[in-house]
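Enquirer: target.csv is the file, holding CSV, C-alpha atoms and all ligand atoms:
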```csv
chain,number,residue,atom,x,y,z
A,17,HIS,CA,0.0,0.0,0.0
A,18,ALA,CA,1.0,3.7,-0.3
A,19,ALA,CA,3.1,3.7,2.8
A,20,ASP,CA,5.5,1.2,1.2
A,21,ALA,CA,6.8,4.0,-1.1
A,22,PHE,CA,7.8,5.9,2.0
A,23,ARG,CA,9.8,4.1,4.7
A,24,THR,CA,8.3,5.5,7.9
A,25,ASP,CA,10.7,4.0,10.3
A,26,LEU,CA,13.5,6.3,9.2
A,27,MET,CA,16.7,5.3,10.9
A,28,THR,CA,18.8,8.5,10.6
A,29,ILE,CA,22.4,8.6,11.7
A,30,THR,CA,21.4,10.8,14.6
A,31,ARG,CA,18.8,8.4,15.9
A,32,PHE,CA,21.2,5.5,15.3
A,33,VAL,CA,24.0,7.1,17.3
A,34,LEU,CA,21.6,8.1,20.1
A,35,ASN,CA,20.5,4.5,20.4
A,36,GLU,CA,24.2,3.4,20.4
A,37,GLN,CA,25.1,6.0,23.0
A,38,SER,CA,22.2,4.9,25.3
A,39,LYS,CA,24.5,2.0,26.0
A,40,HIS,CA,27.0,4.5,27.3
A,41,PRO,CA,24.9,6.7,29.7
A,42,GLU,CA,28.1,8.4,30.9
A,43,SER,CA,28.4,10.1,27.5
A,44,ARG,CA,25.5,12.4,28.3
A,45,GLY,CA,25.0,13.0,24.6
A,46,ASP,CA,28.4,14.7,24.1
A,47,PHE,CA,29.4,12.1,21.4
A,48,SER,CA,26.1,12.5,19.6
A,49,ILE,CA,26.6,16.3,19.6
A,50,LEU,CA,30.2,15.9,18.2
A,51,LEU,CA,29.0,13.5,15.5
A,52,SER,CA,26.2,15.8,14.5
A,53,HIS,CA,28.8,18.5,13.8
A,54,ILE,CA,30.9,16.0,11.7
A,55,VAL,CA,27.8,15.1,9.8
A,56,LEU,CA,27.1,18.8,9.2
A,57,GLY,CA,30.6,19.2,7.7
A,58,CYS,CA,30.0,16.2,5.5
A,59,LYS,CA,26.8,17.6,4.2
A,60,PHE,CA,28.5,20.9,3.4
A,61,VAL,CA,31.4,19.3,1.6
A,62,CYS,CA,29.0,17.0,-0.3
A,63,ALA,CA,27.1,20.1,-1.6
A,64,ALA,CA,30.3,21.8,-2.5
A,65,VAL,CA,31.7,18.8,-4.3
A,66,ASN,CA,28.5,18.4,-6.3
A,67,LYS,CA,28.6,22.1,-7.3
A,68,ALA,CA,32.5,22.2,-7.6
A,69,GLY,CA,32.5,22.5,-11.4
A,70,LEU,CA,29.8,25.1,-11.4
A,71,ALA,CA,31.0,27.0,-8.3
A,72,LYS,CA,34.6,27.5,-9.7
A,73,LEU,CA,35.8,25.2,-6.9
A,74,ILE,CA,38.0,23.3,-9.4
A,75,GLY,CA,41.7,23.8,-9.5
A,76,LEU,CA,44.5,24.9,-7.2
A,77,ALA,CA,44.3,27.2,-4.2
A,78,GLY,CA,47.8,28.5,-4.8
A,79,GLU,CA,49.1,27.2,-1.5
A,80,THR,CA,51.2,24.1,-0.5
A,81,ASN,CA,50.5,22.1,2.6
A,82,VAL,CA,52.9,20.4,5.0
A,83,GLN,CA,52.8,17.3,2.9
A,84,GLY,CA,54.4,19.3,0.1
A,85,GLU,CA,51.2,19.0,-1.9
A,86,GLU,CA,49.7,21.8,-3.9
A,87,GLN,CA,46.4,22.5,-2.1
A,88,LYS,CA,43.2,22.4,-4.2
A,89,LYS,CA,40.5,25.0,-3.5
A,90,LEU,CA,38.3,22.1,-2.1
A,91,ASP,CA,41.1,21.0,0.2
A,92,VAL,CA,41.2,24.4,1.8
A,93,LEU,CA,37.4,24.9,1.8
A,94,SER,CA,36.6,21.5,3.4
A,95,ASN,CA,39.4,22.0,5.9
A,96,GLU,CA,37.9,25.3,7.1
A,97,VAL,CA,34.4,23.8,7.2
A,98,PHE,CA,35.5,20.9,9.4
A,99,VAL,CA,37.7,22.9,11.7
A,100,LYS,CA,34.9,25.4,12.3
A,101,ALA,CA,32.2,22.7,12.8
A,102,LEU,CA,34.4,20.7,15.2
A,103,VAL,CA,35.4,23.8,17.3
A,104,SER,CA,31.8,25.1,17.4
A,105,SER,CA,30.6,21.7,18.6
A,106,GLY,CA,32.1,22.6,22.0
A,107,ARG,CA,33.1,18.9,22.4
A,108,THR,CA,36.6,18.9,21.1
A,109,CYS,CA,39.9,20.0,22.7
A,110,ILE,CA,42.6,19.2,20.0
A,111,LEU,CA,42.3,18.7,16.2
A,112,VAL,CA,44.8,17.3,13.7
A,113,SER,CA,44.1,17.9,10.0
A,114,GLU,CA,46.1,16.8,7.0
A,115,GLU,CA,45.9,20.4,5.8
A,116,ASP,CA,47.3,22.0,9.0
A,117,GLU,CA,51.0,21.7,9.8
A,118,ASP,CA,50.4,22.0,13.6
A,119,ALA,CA,47.7,20.5,15.8
A,120,ILE,CA,44.9,22.9,16.6
A,121,ILE,CA,44.3,23.4,20.4
A,122,VAL,CA,40.7,24.5,20.9
A,123,GLU,CA,40.3,27.7,22.9
A,124,PRO,CA,39.4,26.9,26.6
A,125,SER,CA,35.9,28.3,26.5
A,126,LYS,CA,34.9,25.9,23.7
A,127,ARG,CA,36.7,22.8,24.9
A,128,GLY,CA,35.3,19.3,25.2
A,129,LYS,CA,36.8,15.9,25.9
A,130,TYR,CA,37.3,14.5,22.3
A,131,CYS,CA,40.3,14.7,20.1
A,132,VAL,CA,39.6,14.5,16.3
A,133,VAL,CA,42.0,13.6,13.6
A,134,PHE,CA,40.8,14.1,10.0
A,135,ASP,CA,41.6,14.2,6.3
A,136,PRO,CA,39.1,16.8,5.2
A,137,LEU,CA,39.4,15.9,1.5
A,138,ASP,CA,40.9,12.6,0.6
A,139,GLY,CA,41.7,11.9,-3.1
A,140,SER,CA,42.4,15.5,-4.1
A,141,SER,CA,44.0,14.4,-7.3
A,142,ASN,CA,40.6,13.2,-8.4
A,143,ILE,CA,38.6,16.4,-7.7
A,144,ASP,CA,39.1,18.0,-11.1
A,145,CYS,CA,38.0,15.0,-13.1
A,146,GLY,CA,34.9,14.3,-11.0
A,147,VAL,CA,36.0,10.9,-9.6
A,148,SER,CA,34.9,9.9,-6.1
A,149,ILE,CA,36.6,11.7,-3.1
A,150,GLY,CA,36.0,11.7,0.6
A,151,THR,CA,36.6,12.8,4.2
A,152,ILE,CA,38.2,10.5,6.8
A,153,PHE,CA,38.0,11.0,10.6
A,154,GLY,CA,39.0,9.3,13.8
A,155,ILE,CA,38.0,10.2,17.4
A,156,TYR,CA,40.1,9.8,20.6
A,157,MET,CA,39.1,10.7,24.2
A,158,ILE,CA,41.5,13.2,25.8
A,159,LYS,CA,44.0,11.1,27.9
A,160,ASP,CA,43.5,12.9,31.2
A,161,GLY,CA,41.5,16.0,32.1
A,162,GLY,CA,44.4,18.3,31.9
A,163,GLU,CA,45.6,20.8,29.2
A,164,PRO,CA,45.2,19.2,25.7
A,165,SER,CA,48.6,18.3,24.2
A,166,LEU,CA,50.1,16.2,21.4
A,167,GLU,CA,50.1,13.2,23.7
A,168,ASP,CA,46.3,13.1,23.3
A,169,VAL,CA,46.6,12.5,19.6
A,170,LEU,CA,49.8,10.5,19.5
A,171,GLN,CA,47.9,7.4,20.7
A,172,PRO,CA,47.8,4.0,19.0
A,173,GLY,CA,44.8,3.5,16.7
A,174,LYS,CA,43.4,0.8,19.0
A,175,ASN,CA,42.6,3.6,21.5
A,176,MET,CA,40.2,5.3,19.0
A,177,LEU,CA,36.5,5.5,20.2
A,178,ALA,CA,35.2,5.9,16.8
A,179,ALA,CA,36.2,6.3,13.1
A,180,GLY,CA,34.5,6.8,9.8
A,181,TYR,CA,34.6,8.2,6.3
A,182,CYS,CA,32.2,10.0,4.0
A,183,MET,CA,32.5,9.3,0.3
A,184,TYR,CA,31.3,11.9,-2.2
A,185,GLY,CA,30.5,9.8,-5.2
A,186,SER,CA,27.4,8.9,-7.2
A,187,SER,CA,25.7,9.1,-3.7
A,188,CYS,CA,27.0,10.5,-0.5
A,189,THR,CA,27.7,7.6,1.9
A,190,LEU,CA,28.9,7.9,5.4
A,191,VAL,CA,30.4,4.8,7.0
A,192,LEU,CA,30.9,4.8,10.8
A,193,SER,CA,32.0,2.6,13.6
A,194,THR,CA,31.7,3.5,17.3
A,195,GLY,CA,33.4,0.3,18.3
A,196,SER,CA,30.5,-2.2,17.9
A,197,GLY,CA,30.4,-3.0,14.2
A,198,VAL,CA,30.2,-0.9,11.1
A,199,ASN,CA,27.2,0.8,9.6
A,200,GLY,CA,26.7,2.7,6.4
A,201,PHE,CA,24.3,5.7,5.9
A,202,THR,CA,23.3,7.4,2.6
A,203,LEU,CA,22.4,11.0,2.4
A,204,ASP,CA,18.8,11.6,1.2
A,205,PRO,CA,19.1,15.1,-0.3
A,206,SER,CA,15.4,15.6,-0.1
A,207,LEU,CA,15.5,15.2,3.7
A,208,GLY,CA,19.1,16.4,4.2
A,209,GLU,CA,19.4,13.3,6.5
A,210,PHE,CA,21.8,10.4,6.4
A,211,ILE,CA,19.6,7.2,6.4
A,212,LEU,CA,20.8,3.8,7.5
A,213,THR,CA,21.3,1.8,4.2
A,214,HIS,CA,24.1,-0.6,5.0
A,215,PRO,CA,23.5,-2.1,8.5
A,216,ASP,CA,26.2,-4.1,10.2
A,217,ILE,CA,28.7,-4.3,7.3
A,218,LYS,CA,30.9,-7.4,7.3
A,219,ILE,CA,33.8,-7.7,4.8
A,220,PRO,CA,34.0,-11.1,2.9
A,221,LYS,CA,36.6,-13.3,4.5
A,222,LYS,CA,38.5,-13.6,1.1
A,223,GLY,CA,38.2,-11.4,-2.0
A,224,LYS,CA,38.9,-11.5,-5.7
A,225,ILE,CA,40.3,-8.0,-6.0
A,226,TYR,CA,43.6,-6.4,-5.3
A,227,SER,CA,44.1,-2.6,-5.2
A,228,VAL,CA,47.5,-1.0,-5.5
A,229,ASN,CA,49.3,1.6,-7.6
A,230,GLU,CA,51.2,-0.8,-10.0
A,231,GLY,CA,53.1,2.3,-11.2
A,232,ASN,CA,55.3,1.9,-8.1
A,233,ALA,CA,56.1,-1.7,-8.8
A,234,LYS,CA,59.8,-1.1,-9.6
A,235,ASN,CA,60.4,0.2,-6.0
A,236,TRP,CA,58.5,-2.4,-4.1
A,237,ASP,CA,60.2,-4.7,-1.5
A,238,GLY,CA,60.3,-8.5,-1.9
A,239,PRO,CA,57.1,-9.5,0.0
A,240,THR,CA,54.9,-6.9,-1.7
A,241,ALA,CA,56.3,-7.8,-5.1
A,242,LYS,CA,55.7,-11.6,-4.4
A,243,TYR,CA,52.2,-10.9,-3.2
A,244,VAL,CA,51.2,-8.9,-6.2
A,245,GLU,CA,52.8,-11.5,-8.5
A,246,LYS,CA,50.6,-14.2,-6.7
A,247,CYS,CA,47.5,-12.1,-7.4
A,248,LYS,CA,48.3,-12.0,-11.1
A,249,PHE,CA,49.8,-15.5,-11.6
A,250,PRO,CA,48.3,-17.7,-8.9
A,251,THR,CA,50.3,-21.0,-8.4
A,252,ASP,CA,47.5,-22.9,-6.6
A,253,GLY,CA,45.3,-23.2,-9.6
A,254,SER,CA,42.9,-20.4,-8.4
A,255,SER,CA,42.0,-17.7,-10.9
A,256,ALA,CA,43.9,-14.4,-11.0
A,257,LYS,CA,42.5,-11.5,-9.0
A,258,SER,CA,41.1,-8.3,-10.7
A,259,LEU,CA,42.9,-5.0,-10.2
A,260,ARG,CA,40.8,-2.1,-9.2
A,261,TYR,CA,42.6,1.2,-8.2
A,262,ILE,CA,40.7,4.5,-8.0
A,263,GLY,CA,43.4,6.6,-6.3
A,264,SER,CA,41.1,7.9,-3.6
A,265,MET,CA,41.7,5.9,-0.5
A,266,VAL,CA,38.1,6.4,0.6
A,267,ALA,CA,36.7,4.9,-2.6
A,268,ASP,CA,39.2,2.0,-2.8
A,269,VAL,CA,38.6,1.2,0.9
A,270,HIS,CA,34.8,1.4,0.5
A,271,ARG,CA,34.8,-1.0,-2.4
A,272,THR,CA,37.1,-3.3,-0.5
A,273,LEU,CA,34.8,-3.2,2.6
A,274,LEU,CA,31.7,-4.1,0.5
A,275,TYR,CA,33.2,-6.5,-2.1
A,276,GLY,CA,36.2,-7.9,-0.2
A,277,GLY,CA,39.8,-8.1,-1.4
A,278,VAL,CA,42.8,-6.2,-0.3
A,279,PHE,CA,44.0,-2.6,-0.6
A,280,LEU,CA,47.8,-1.9,-0.4
A,281,TYR,CA,49.8,1.2,-0.1
A,282,PRO,CA,53.2,-0.4,0.4
A,283,ALA,CA,56.6,1.1,1.4
A,284,ASP,CA,58.9,1.6,-1.6
A,285,LYS,CA,62.5,2.6,-2.0
A,286,LYS,CA,61.5,6.2,-2.6
A,287,SER,CA,59.1,6.4,0.4
A,288,PRO,CA,60.2,3.8,3.1
A,289,ASN,CA,57.0,4.6,5.1
A,290,GLY,CA,54.7,4.5,2.2
A,291,LYS,CA,52.4,7.5,1.5
A,292,LEU,CA,49.4,7.2,3.7
A,293,ARG,CA,49.2,9.2,7.0
A,294,VAL,CA,48.9,7.2,10.2
A,295,LEU,CA,46.5,9.3,12.2
A,296,TYR,CA,43.8,10.3,9.7
A,297,GLU,CA,44.1,7.6,6.9
A,298,VAL,CA,45.7,4.4,8.2
A,299,PHE,CA,44.1,4.3,11.7
A,300,PRO,CA,40.5,5.2,10.8
A,301,MET,CA,40.4,2.7,7.9
A,302,SER,CA,42.1,0.0,9.9
A,303,PHE,CA,39.6,0.5,12.8
A,304,LEU,CA,36.7,0.1,10.4
A,305,MET,CA,38.3,-3.0,8.7
A,306,GLU,CA,38.7,-4.7,12.1
A,307,GLN,CA,35.2,-3.8,13.1
A,308,ALA,CA,33.9,-5.3,9.9
A,309,GLY,CA,35.8,-8.6,10.4
A,310,GLY,CA,38.8,-7.8,8.2
A,311,GLN,CA,42.3,-6.7,9.3
A,312,SER,CA,45.1,-4.2,8.7
A,313,PHE,CA,48.9,-4.7,8.7
A,314,THR,CA,51.8,-2.3,8.3
A,315,GLY,CA,54.3,-4.9,7.0
A,316,LYS,CA,55.7,-5.1,10.5
A,317,GLU,CA,52.7,-5.1,12.9
A,318,ARG,CA,48.9,-4.7,13.3
A,319,SER,CA,48.2,-1.2,12.1
A,320,LEU,CA,46.2,-0.2,15.2
A,321,ASP,CA,49.1,-1.1,17.5
A,322,LEU,CA,51.4,1.5,15.9
A,323,VAL,CA,52.3,4.4,18.3
A,324,PRO,CA,52.8,7.5,16.2
A,325,LYS,CA,55.6,9.9,17.1
A,326,LYS,CA,54.5,12.7,14.8
A,327,ILE,CA,51.1,13.9,13.8
A,328,HIS,CA,51.7,13.6,10.0
A,329,GLU,CA,53.7,10.3,10.2
A,330,ARG,CA,53.2,7.9,7.4
A,331,SER,CA,53.1,4.0,7.3
A,332,PRO,CA,52.8,1.3,4.8
A,333,ILE,CA,49.3,-0.4,4.9
A,334,PHE,CA,47.9,-3.7,3.8
A,335,LEU,CA,44.2,-3.9,4.7
A,336,GLY,CA,41.0,-5.8,3.7
A,337,SER,CA,39.7,-9.4,3.8
A,338,TYR,CA,41.1,-11.4,6.7
A,339,ASP,CA,42.4,-14.3,4.7
A,340,ASP,CA,44.0,-12.1,2.1
A,341,VAL,CA,45.9,-10.0,4.6
A,342,GLU,CA,47.0,-13.3,6.3
A,343,GLU,CA,48.8,-14.2,3.1
A,344,ILE,CA,50.6,-10.9,3.1
A,345,LYS,CA,51.6,-11.3,6.8
A,346,ALA,CA,53.0,-14.8,6.0
A,347,LEU,CA,55.2,-13.3,3.2
A,348,TYR,CA,56.6,-10.6,5.5
A,349,ALA,CA,57.1,-13.2,8.3
A,350,ALA,CA,59.1,-15.4,5.9
A,351,GLU,CA,61.3,-12.4,5.0
A,352,GLU,CA,62.3,-11.8,8.6
B,1,LIG,P1,44.9,13.1,-0.1
B,1,LIG,O1,44.2,13.5,-1.4
B,1,LIG,O2,44.1,13.3,1.1
B,1,LIG,O3,46.3,13.7,0.0
B,1,LIG,O4,45.1,11.5,-0.2
B,1,LIG,C1,45.5,10.9,-1.3
B,1,LIG,C2,46.0,9.5,-1.1
B,1,LIG,C3,44.9,8.5,-1.0
B,1,LIG,O5,43.6,9.1,-1.2
B,1,LIG,C4,45.1,7.5,-2.1
B,1,LIG,O6,45.0,6.2,-1.7
B,1,LIG,C5,46.6,7.8,-2.4
B,1,LIG,O7,46.8,9.2,-2.1
B,1,LIG,C6,46.9,7.6,-3.9
B,1,LIG,O8,48.3,7.8,-4.0
B,1,LIG,P2,49.0,7.5,-5.5
B,1,LIG,O9,48.4,8.6,-6.4
B,1,LIG,O10,50.4,7.7,-5.2
B,1,LIG,O11,48.6,6.1,-5.9
B,2,MN,MN,46.6,15.6,0.4
B,3,MN,MN,44.0,11.3,2.1
B,4,MN,MN,43.4,15.0,1.9
```
Kindly transcribe the structure held in the file into structure tokens.
Ligand code: AHG
Ligand code: MN
Ligand code: MN
Ligand code: MN

Expert:
Amino acid sequence: HAADAFRTDLMTITRFVLNEQSKHPESRGDFSILLSHIVLGCKFVCAAVNKAGLAKLIGLAGETNVQGEEQKKLDVLSNEVFVKALVSSGRTCILVSEEDEDAIIVEPSKRGKYCVVFDPLDGSSNIDCGVSIGTIFGIYMIKDGGEPSLEDVLQPGKNMLAAGYCMYGSSCTLVLSTGSGVNGFTLDPSLGEFILTHPDIKIPKKGKIYSVNEGNAKNWDGPTAKYVEKCKFPTDGSSAKSLRYIGSMVADVHRTLLYGGVFLYPADKKSPNGKLRVLYEVFPMSFLMEQAGGQSFTGKERSLDLVPKKIHERSPIFLGSYDDVEEIKALYAAEE
């Protein structure tokens, strides 16, 4: 009947998080307030990305960030939006953004107990050609009630309370974990609400896809080269894997989460720590992968066990289906 056309039990991300948080009465809604401000930032960036071509948001901003990358206009705009949204939430005390060289200490009158690390716009090289891009974030609790300091964000990823990403693609999808599983929400533009569309995401135990920038092959170390060779020329009679590489981590990880398989950004001779940043790329994606039944490995250890020394530190990363990452771990172990 008519009501079927309109789901009336709308599970919005706000309602979902409130339900989750009811399991943590001590949070007194602070986390839900923080999340609602992150969601606001995602809605804003989604609108800006969709209008980018029309709103002259394409192209360079004429600045270079601490990573030595030329900042795009959308990099700068989304960074400003998230910093303002997070500070105005009154629930954060220190922020780390890919686009800011130093950590941002929130002014005392607006401080809360959460520390947020984020990549405001991931996949910037894909902005000008309209390929999916995203935002990645991770949330820690301040270590002790004192003055916020770098100690509060130089924590291992396993200490994160929550992590997520928003992917700006054919639809705007927000994937979130607060430590008890992974759930996906899709923005309904007519409501301006993120609606639960992917409840309790679990990554397949094994996949048929590998995702890596083959252009770096000449600089890979032994185990990575061996693993990729195995994907292309399996020796156990299984069929070769497909290669899918979008070049936006959010899109490559989202596909890996839903379809299975493995995403690699390995170390190479030129960049011994790989390219991806520990705090706001490796940790949040590794947190989500583990929560979805997959795993994440740095080539040396479980990614979430890493203790970062610097806020823009990089690490190699191998993440995805549990069994696929086990094969990579075995190749690195054999190398030791
Ligand atoms: P960002 O745009 O936030 O700097 O991140 C880009 C990253 C990541 O999104 C992607 O996986 C990786 O760069 C792709 O790097 P290559 O172009 O070297 O493959
Ligand atoms: Mn960048
Ligand atoms: Mn990024
Ligand atoms: Mn970025």

Enquirer: Residues within 9 Å of stretch 162-168 of chain A, please, as number ranges by chain. Count only C-alpha atoms; anything in the same chain fewer than 3 positions from it doesn't count.

Expert: A: 109-110, 119, 121-122, 131, 156-159, 171, 326-327

Enquirer: What does the distance from atom CA of A:Pro172 to atom CA of A:His270 come to in Å, to one decimal?

Expert: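 Interatomic distance, atom CA of A:Pro172 to atom CA of A:His270: 22.8 Å.
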
Enquirer: Hey, which of A:Ser337, A:Ser255, A:Ser287, A:Gln37 ends up closest to A:Gly195? Count all atoms listed in the file.

Expert: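 Closest residue, counting all atoms listed in the file: A:Gln37.
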
Enquirer: Counting all atoms listed in the file, figure out which residue out of A:Thr151, A:Thr202, A:Thr213, A:Ser186 gets nearest to ligand MN 3 (chain B).

Expert: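 Result for the nearest residue to ligand MN 3 (chain B): A:Thr151.
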
Enquirer: May I have the protein, DNA and RNA residues with an atom at most 6 Å from (33.1, 10.3, 8.0), counting all atoms listed in the file in the file's coordinates, returned as number ranges by chain?

Expert: A: 151-153, 180-182, 190

Enquirer: Between atom CA of A:Asp268 and atom CA of A:Leu76, what is the distance in Å, rounded to a tenth?

Expert: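 Going from atom CA of A:Asp268 over to atom CA of A:Leu76, I get 23.9 Å.
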
Enquirer: Could you please extract the residues within 9 Å of ligand LIG 1 (chain B), counting only C-alpha atoms and all ligand atoms, and hand them back as a ChimeraX atom specification?

Expert: /A:83,85,91,114-115,135-143,149-152,228-232,261-269,279-281,291-293,297

Enquirer: What lies within 12 Å of A:Gly238 using all atoms listed in the file, ignoring chain neighbours under 5 positions off, as a list of chain:residue names?

Expert: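 In the requested form, the answer reads A:Ala233, A:Tyr243, A:Val244, A:Glu245, A:Pro282, A:Ala283, A:Asp284, A:Lys285, A:Gly315, A:Ile344, A:Leu347, A:Tyr348, A:Ala349, A:Ala350, A:Glu351, A:Glu352.
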
Enquirer: Determine the nearest neighbour of A:Tyr184 from the options A:Phe47, A:Phe98, A:Tyr296, A:Phe60, counting all atoms listed in the file.

Expert: A:Phe60

Enquirer: My list of candidates is A:His328, A:Lys72, A:Arg318, A:Lys246. Which is closest to ligand MN 2 (chain B) when distances are computed with only C-alpha atoms and all ligand atoms?

Expert: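 Once distances to ligand MN 2 (chain B) are computed over only C-alpha atoms and all ligand atoms, the minimum belongs to A:His328.
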
Enquirer: When you count all atoms listed in the file, which of these residues is closest to A:Cys58: A:Asp216, A:Asp252, A:Glu209, A:Asp160?

Expert: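 Result for the nearest residue to A:Cys58: A:Glu209.
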
Enquirer: Find the residues near A:Val82: any atom within 7 Å, counting only C-alpha atoms, skip ones fewer than 2 places away on the same chain, and give them as a PyMOL selection string.

Expert: chain A and resi 80+84+117

Enquirer: May I have the residues from that selection written out with C-alpha atoms, as a PDB file, in the frame of the given file?

Expert:
```pdb
ATOM      1  CA  THR A  80      51.200  24.100  -0.500  1.00  0.00           C
ATOM      2  CA  GLY A  84      54.400  19.300   0.100  1.00  0.00           C
ATOM      3  CA  GLU A 117      51.000  21.700   9.800  1.00  0.00           C
TER       4      GLU A 117
END
```

Enquirer: So what do you get for atom CA of A:Val198 versus atom CA of A:Ala256, distance-wise?

Expert: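 That distance, rounded to one decimal, is 29.3 Å.
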
Enquirer: Near A:Gly223, within 9 Å and counting all atoms listed in the file, which residues show up once chain neighbours fewer than 3 positions away are dropped, as a PyMOL selection string?

Expert: chain A and resi 219-220+226+257+272+275-278+336-337+339-340

Enquirer: Just checking: using all atoms listed in the file, which residue out of A:Val169, A:Leu212, A:Val323, A:Val133 ends up closest to ligand MN 3 (chain B)?

Expert: A:Val133

Enquirer: For A:Ser312, please output as a list in words all residues within 9 Å (counting all atoms listed in the file; exclusion window: fewer than 3 positions along the same chain).

Expert: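 Answer for this query is Val298, Met301, Ser302, Phe303, Met305, Glu306, Glu317, Arg318, Ser319, Leu320, Ile333, Phe334, Leu335, Gly336, Ser337, Tyr338 and Val341 of chain A.
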